[in-house]
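A.B. asks: Before I ask anything, here is the structure I am working with.
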Amino acid sequence: MDTIYAQASGRGKAGVAVIRLSGPRAWQAIAALCGRLPAPRQASVRLLKIEGEVLDEALVLCFEAGRSFTGEESGELHLHGAVATVAAVLKALGSLGFLRLAEPGEFTRRAMESGRLDLSQVEGLADLIEAETEAQRKQALAVLSGSVGRMVETWRSKLIRAAALMEACIDFADEDVPEDVTPEVRGLLGDVSGQLAQEMARISVTERIREGFEVAIVGRPNAGKSTLLNALAGREAAITSEVAGTTRDVIEVRMDLSGLAVTLLDTAGLRDTEDQIEAIGVARAIARAKQADLRVFLLDDGDIPLLEPIADDLIVRGKADLGGPGDLRVSGKTGEGIDALVSAITTRLSERAAGAGVMTRERHRDCLIRAEAALRASSVELAHGLERLDLAAEQCRTAVRALESLLGRVDVESLLDEIFSSFCIGK
Amino acid sequence: MKHFDVIVVGGGHAGTEAAHAAARMGANTALVTMRREAIGVMSCNPAIGGLGKGHLVREVDAMDGVMGKAADRAGIQFRLLNRRKGPAVQGPRTQADRKLYRLAIAELCAGQPRLEIVEGEVVDLLMDGVAISGVRLQDGSEISAAAVVMTTGTFLNGVIHIGDQRTAGGRVGDRPSVPLSHRLRELAPNVGRLKTGTPPRLDGKTINWDILEAQPGDDDPVMLSFLSQKPFVRQIACGITHTNESTHEVIRNNLQRSAMYGGHIEGVGPRYCPSIEDKVVRFADKTSHQVFLEPEGLDDDTVYPNGISTSLPSDVQEAYVRSIRGLEEVRILQPGYAIEYDFVDPRALTLTLELREQAGLFLAGQINGTTGYEEAAAQGLVAGLNAACKALGREPVTFSRTDSYIGVMIDDLVGRGVNEPYRMFTSRAEYRLFLRADNADQRLTPRGIELGCVGEERARAFACKSDAMDAGKAILDSIVLTPKQAVSLGLELNQDGVKRSAFQLLSFPQVTFGQLAGLFPELANIPAATAEQLSNEALYANYIARQQRDVEAMRRDENWEIPIDFDYGVLSGLSNELKLKFSAAAPRTLHQAGQVDGATPAALALILARLRQNKRAAQK
């Protein structure tokens, strides 16, 4: 039986976050981070460290087998709730090498199998799991509908092609299939594993937490975007001047908004322009603003934005120091309304942090890591020739299975479809 | 009225295996067949085994079944397919002399106590209230039994097509079973149509063998049964030829006259065994297809041209066959034909192959939508064992995806159903590296011994093999080397500092048993067969250990059986959509529930909780 771990409390910023571990090596894992274990069922404060680096000061609880939620040896770490702290501890647990992230509902499942829950408890928990998996499904859909999705689609078809080539070579040995499929398979495996490695770096959750959410400030030239940015950041990051169109490149300022890492983007003013250089700046600003997690539209009365605001984007009236009516009015110059704006941004991003699910992204990365390792192993076996083709195929299957949570199920039927549509099988 | 424990209807590969298995289990068994001399007939190609299929034969053999033994006695050309690839994907295969095979099966049946052969056509099933109580024959006589196994192959509503000619028949020269088909349609909710085809049979005396490439058997033939050592009869070679542009031209010009393309056939044919018409249409860019010329017997001139099955009219068949090199003057003994037949949606069955809605009635073979002798035999084994258990009041016997290809096939059939004739492939097995032809006995024979379906001869042979394996493994484990020592002995190895036993070293591609035996004389005492088997195990040991978690999880889920009358409606917390999906799919186990489209972990948790609750209630 594996030892599993997962964040048991809700995602996003909270006062306290709880990570739960269960399985035969749960205590060993906790001891690896905190040193001496507290007595079972007695909470005790410990410093959590990995490779000498302090992760957090946490409340540690251990439960012996037979007297825990799952019925197995288990434990809980009560951490300070900052998203980055939780992510760091999760990563540390993963790096121990003998734990894996729990599947949704797996703790409950284990509890049930050891007879620790009654039906009404299960039903209550199932609702929670359902909500969690629903969030993950949405997350997966979001990932799959974007550019990553197109990439994943490509990987999927390439891996199925590679697996089908190998399987055709194995299962239809004495029929009309191309004898040497190795070069094509090698190309496909190398291709996908290279792209996986690249993508892994990109969607890494830790980077996401460290780099934070992107908030773009958009508006017409000279609307006061740069001034607002400076006021928010508290330093002169963007050049501010009275001449419209000063900011031609996208300027980034990283800051901490109530515990959330945020990168503010100051974009070129959006307007139709004859100036070629400025037009490039505008195009870049539009593209970048679209990619951002949130947009703050800084408008003067009567302005119609060039970019359409979506969902919970913020619209504020600028240059409050010059007077005029409005709901959310700010002035970069006087600082008026800045606090209200900050709290509006924070509210929206916190909601996102809770919904997006750190865990989901960590899980994605986990899948990519396993898939990439399996593809590398597959290439190694492939290099040994036909004699180890079954092992290469096995590793390729492992890779496909690992990607399943990103791809949806790939089963043997789709493999056979590929084989039958590509080769003339049947003597 | 005659009384038996088990009645098996049909004397094909499923039927003989079912009847033999039931009798081995101690049930008094009647095998009812239309013609006694048709028992063990190979209706299609004269070969047994192959990839995935050879695995099934070995598994049937490990349970002391008849197919492997009969194939070895009749084998006239043994080839181990995928010999150059890993042992997990190697499949033993033999060309079988039709007559010898039939005789071997007849002899094995005759020698089996408690097995009686009854000649006659079953026209109806007898019922005692809701339970099956026997069968009625065409002459009006009745036979009673507690369990009935139907293995009627392509005989249910069989229709033979040659061009636009249709004839009712279960096989060329044999009439179909129509009354039984009507009865089955009453009992089984979903009956569909499938089709399969055969090529024309050729007169070997009219083939110009001299200009054709010959394909001989292996130099060191590998037998299908664990009990055979070497071939029983003279070995022969097959011929190889190819279709060409003018063959394809003839076919293309006459497509409308093909039963398939002329719209005469409603049944679905297998993608992997396409007719030559299919090949020409679907792979229009290929200018040539391989044809194997397989002699049907040692004293039989009939040749089976494997690769050109067809439903074109006879005159077109003759034209295209004669366009093929070496067949210019050939005489067709019997035209090829397509056959359509009824099959039962296997999702109506339990894992024991009993109809869920009709206790005591078991189905095995092509009637369940499969193709192939080996698939049929394996189902026959399962149905026969379980019919005997039912009649004798014993616990049912089921197989798992984690222990056998038999388990993979049954789970596929019962869990997913079929939309084309189902054939075994090694790629269907998740645990292919473990489910090998070479260890089928290690996987299944102990279970067979426990069940009582394995005879003394096999039990003894298995004990010998196991002892030799244990002794050999102990020697391999006792030799431990550091990478430095290994390299100093001439083995190529990374200097990773990890000590490894000789057994572990065998998993490296560059280390062979022969090499190690040269270095350590104590290894030379291990018999060659044992050494080979141990090398296979060493090769996959790491992979198999890693898969253990998946295997355990799957077994755990397979062990949670979901009762037929399980009510998804009462599971609050399950969406209506999922309730409908689960009810429609009616999964048999928790594992199958997980395969249902849209199944979520939360839904499985709910089902599991209810199963546990029911179990607790039942215990009280």
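Here, A, B, ... name the chains of the structure tokens in the order displayed, residue numbers run from 1 inside each chain, and ligands are numbered from 1 in the same displayed order.
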Taking a cut-off of 8 Å and counting only C-alpha atoms, can you build a table that, for each residue of chain B near chain A, reports the nearest atom pair and how far apart they are in Å (one decimal), sorted by chain then residue number, as a tab-separated table?

C.D. replies:
```
residue	atom	partner	partner_atom	distance
B:Leu51	CA	A:Asp171	CA	6.1
B:Gly52	CA	A:Asp171	CA	7.9
B:Leu81	CA	A:Ala173	CA	7.0
B:Asn82	CA	A:Ala173	CA	6.3
B:Arg84	CA	A:Glu387	CA	5.8
B:Lys85	CA	A:Glu387	CA	4.0
B:Gly86	CA	A:Glu387	CA	5.0
B:Ala88	CA	A:Asp390	CA	7.3
B:Val89	CA	A:Ile170	CA	6.8
B:Arg271	CA	A:Phe420	CA	6.7
B:Tyr272	CA	A:Gly426	CA	5.1
B:Cys273	CA	A:Gly426	CA	4.4
B:Pro274	CA	A:Gly426	CA	6.0
B:Lys279	CA	A:Cys424	CA	6.7
B:Phe283	CA	A:Cys424	CA	6.7
B:His289	CA	A:Asp176	CA	7.4
B:Gln290	CA	A:Lys427	CA	6.7
B:Val291	CA	A:Lys427	CA	6.4
B:Phe292	CA	A:Lys427	CA	7.4
B:Asn306	CA	A:Lys427	CA	5.4
B:Gly307	CA	A:Lys427	CA	3.3
B:Ile308	CA	A:Lys427	CA	6.9
B:Phe425	CA	A:Asp171	CA	6.2
B:Thr426	CA	A:Asp171	CA	6.3
B:Ser427	CA	A:Glu167	CA	6.5
B:Arg428	CA	A:Val412	CA	6.1
B:Leu433	CA	A:Asp390	CA	7.8
B:Pro509	CA	A:His384	CA	7.3
B:Arg549	CA	A:Met1	CA	7.0
B:Ser572	CA	A:Glu123	CA	7.3
B:Gly573	CA	A:Glu123	CA	6.3
B:Thr600	CA	A:Glu130	CA	7.9
B:Pro601	CA	A:Gly105	CA	6.0
B:Ala602	CA	A:Ala126	CA	5.1
B:Ala603	CA	A:Ala126	CA	7.4
B:Ala605	CA	A:Arg109	CA	5.9
B:Leu606	CA	A:Glu123	CA	6.7
B:Leu608	CA	A:Met112	CA	8.0
B:Ala609	CA	A:Leu119	CA	6.1
B:Arg610	CA	A:Leu119	CA	7.2
B:Gln613	CA	A:Leu119	CA	7.6
```

A.B. asks: Go ahead and dump the residues you just picked, C-alpha atoms, as a PDB file, in the first residue's frame.

C.D. replies:
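Output file result.pdb follows:
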```pdb
ATOM      1  CA  LEU B  51       0.069 -14.045 -30.518  1.00  0.00           C
ATOM      2  CA  GLY B  52      -2.354 -13.710 -27.620  1.00  0.00           C
ATOM      3  CA  LEU B  81       5.906 -16.082 -33.329  1.00  0.00           C
ATOM      4  CA  ASN B  82       7.948 -13.042 -32.269  1.00  0.00           C
ATOM      5  CA  ARG B  84      13.265 -12.333 -31.825  1.00  0.00           C
ATOM      6  CA  LYS B  85      11.217 -10.191 -29.432  1.00  0.00           C
ATOM      7  CA  GLY B  86      10.760 -10.367 -25.665  1.00  0.00           C
ATOM      8  CA  ALA B  88       6.257 -11.854 -22.947  1.00  0.00           C
ATOM      9  CA  VAL B  89       5.107 -11.297 -26.512  1.00  0.00           C
ATOM     10  CA  ARG B 271     -11.250  -5.279 -38.917  1.00  0.00           C
ATOM     11  CA  TYR B 272      -8.222  -7.484 -38.394  1.00  0.00           C
ATOM     12  CA  CYS B 273      -9.347 -10.315 -40.614  1.00  0.00           C
ATOM     13  CA  PRO B 274     -10.591  -8.341 -43.626  1.00  0.00           C
ATOM     14  CA  LYS B 279      -8.102  -4.965 -48.340  1.00  0.00           C
ATOM     15  CA  PHE B 283      -5.711   0.020 -48.763  1.00  0.00           C
ATOM     16  CA  HIS B 289      -0.820  -8.507 -50.259  1.00  0.00           C
ATOM     17  CA  GLN B 290       0.855 -11.547 -48.769  1.00  0.00           C
ATOM     18  CA  VAL B 291      -0.834 -14.959 -49.074  1.00  0.00           C
ATOM     19  CA  PHE B 292       0.224 -17.996 -47.016  1.00  0.00           C
ATOM     20  CA  ASN B 306      -4.539 -17.572 -45.757  1.00  0.00           C
ATOM     21  CA  GLY B 307      -5.125 -13.883 -46.536  1.00  0.00           C
ATOM     22  CA  ILE B 308      -7.737 -13.931 -49.303  1.00  0.00           C
ATOM     23  CA  PHE B 425      -4.168  -9.476 -28.859  1.00  0.00           C
ATOM     24  CA  THR B 426      -1.307  -9.192 -26.416  1.00  0.00           C
ATOM     25  CA  SER B 427      -1.931  -5.440 -26.335  1.00  0.00           C
ATOM     26  CA  ARG B 428      -5.278  -6.065 -24.648  1.00  0.00           C
ATOM     27  CA  LEU B 433       4.844  -8.685 -19.042  1.00  0.00           C
ATOM     28  CA  PRO B 509      20.238  -6.418 -21.843  1.00  0.00           C
ATOM     29  CA  ARG B 549       0.387  -1.629  -6.798  1.00  0.00           C
ATOM     30  CA  SER B 572     -28.154  10.149  -2.705  1.00  0.00           C
ATOM     31  CA  GLY B 573     -25.206  12.235  -3.769  1.00  0.00           C
ATOM     32  CA  THR B 600     -15.929   9.749 -10.638  1.00  0.00           C
ATOM     33  CA  PRO B 601     -13.953   8.706  -7.576  1.00  0.00           C
ATOM     34  CA  ALA B 602     -16.743  10.127  -5.441  1.00  0.00           C
ATOM     35  CA  ALA B 603     -19.310   7.980  -7.217  1.00  0.00           C
ATOM     36  CA  ALA B 605     -16.818   5.753  -3.035  1.00  0.00           C
ATOM     37  CA  LEU B 606     -20.581   5.895  -2.721  1.00  0.00           C
ATOM     38  CA  LEU B 608     -18.382   0.974  -2.311  1.00  0.00           C
ATOM     39  CA  ALA B 609     -19.964   2.335   0.859  1.00  0.00           C
ATOM     40  CA  ARG B 610     -23.300   0.810  -0.131  1.00  0.00           C
ATOM     41  CA  GLN B 613     -23.217  -1.743   4.145  1.00  0.00           C
TER      42      GLN B 613
END
```

A.B. asks: Looking at only C-alpha atoms, which of A:Leu375, A:Ala279, A:Ile217, A:Leu368 is the one that sits closest to Asp191 of chain A?

C.D. replies: A:Leu375

A.B. asks: In Å, rounded to a single decimal, give me how far atom CA of Gln317 of chain B is from atom CA of Gln77 of chain B.

C.D. replies: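 Result for atom CA of Gln77 of chain B versus atom CA of Gln317 of chain B: 27.7 Å, one decimal.
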
A.B. asks: Which is closer to Lys195 of chain B than all the others in B:Gly40, B:Gly153, B:Gly120, B:Pro587, using only C-alpha atoms?

C.D. replies: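 So, comparing all the options, the nearest one is B:Gly153.
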
A.B. asks: Would you please give, as JSON, numbers by chain, all residues of segment 280-371 of chain B that DSSP assigns to helix (DSSP H, G or I) based on the backbone?

C.D. replies: {"B": [280, 281, 282, 314, 315, 316, 317, 318, 319, 320, 321, 322, 346, 347, 348, 366, 367, 368]}

A.B. asks: Skip Asp293 of chain A itself and residues of its chain fewer than 4 positions away, then list as a list in words all residues within 10 Å of it, counting only C-alpha atoms.

C.D. replies: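 Selected residues are Gly212, Phe213, Glu214, Val215, Ala216, Val262, Thr263, Ala289, Asp313, Arg348, Leu349 and Arg352 of chain A.
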
A.B. asks: Identify which of the residues A:Gly35, A:Gly15, A:Gly318, A:Gly219 lies closest to Ile286 of chain A, counting only C-alpha atoms when measuring atom-to-atom distances.

C.D. replies: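 Answer, going by the shortest atom-to-atom distance: A:Gly219.
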
A.B. asks: Skip segment 515-521 of chain B itself and residues of its chain fewer than 2 positions away, then list as a count of residues only all residues within 12 Å of it, counting only C-alpha atoms.

C.D. replies: 32

A.B. asks: Atom CA of Leu137 of chain B and atom CA of Gly158 of chain B are how many Å apart?

C.D. replies: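 So the answer is 19.2 Å.
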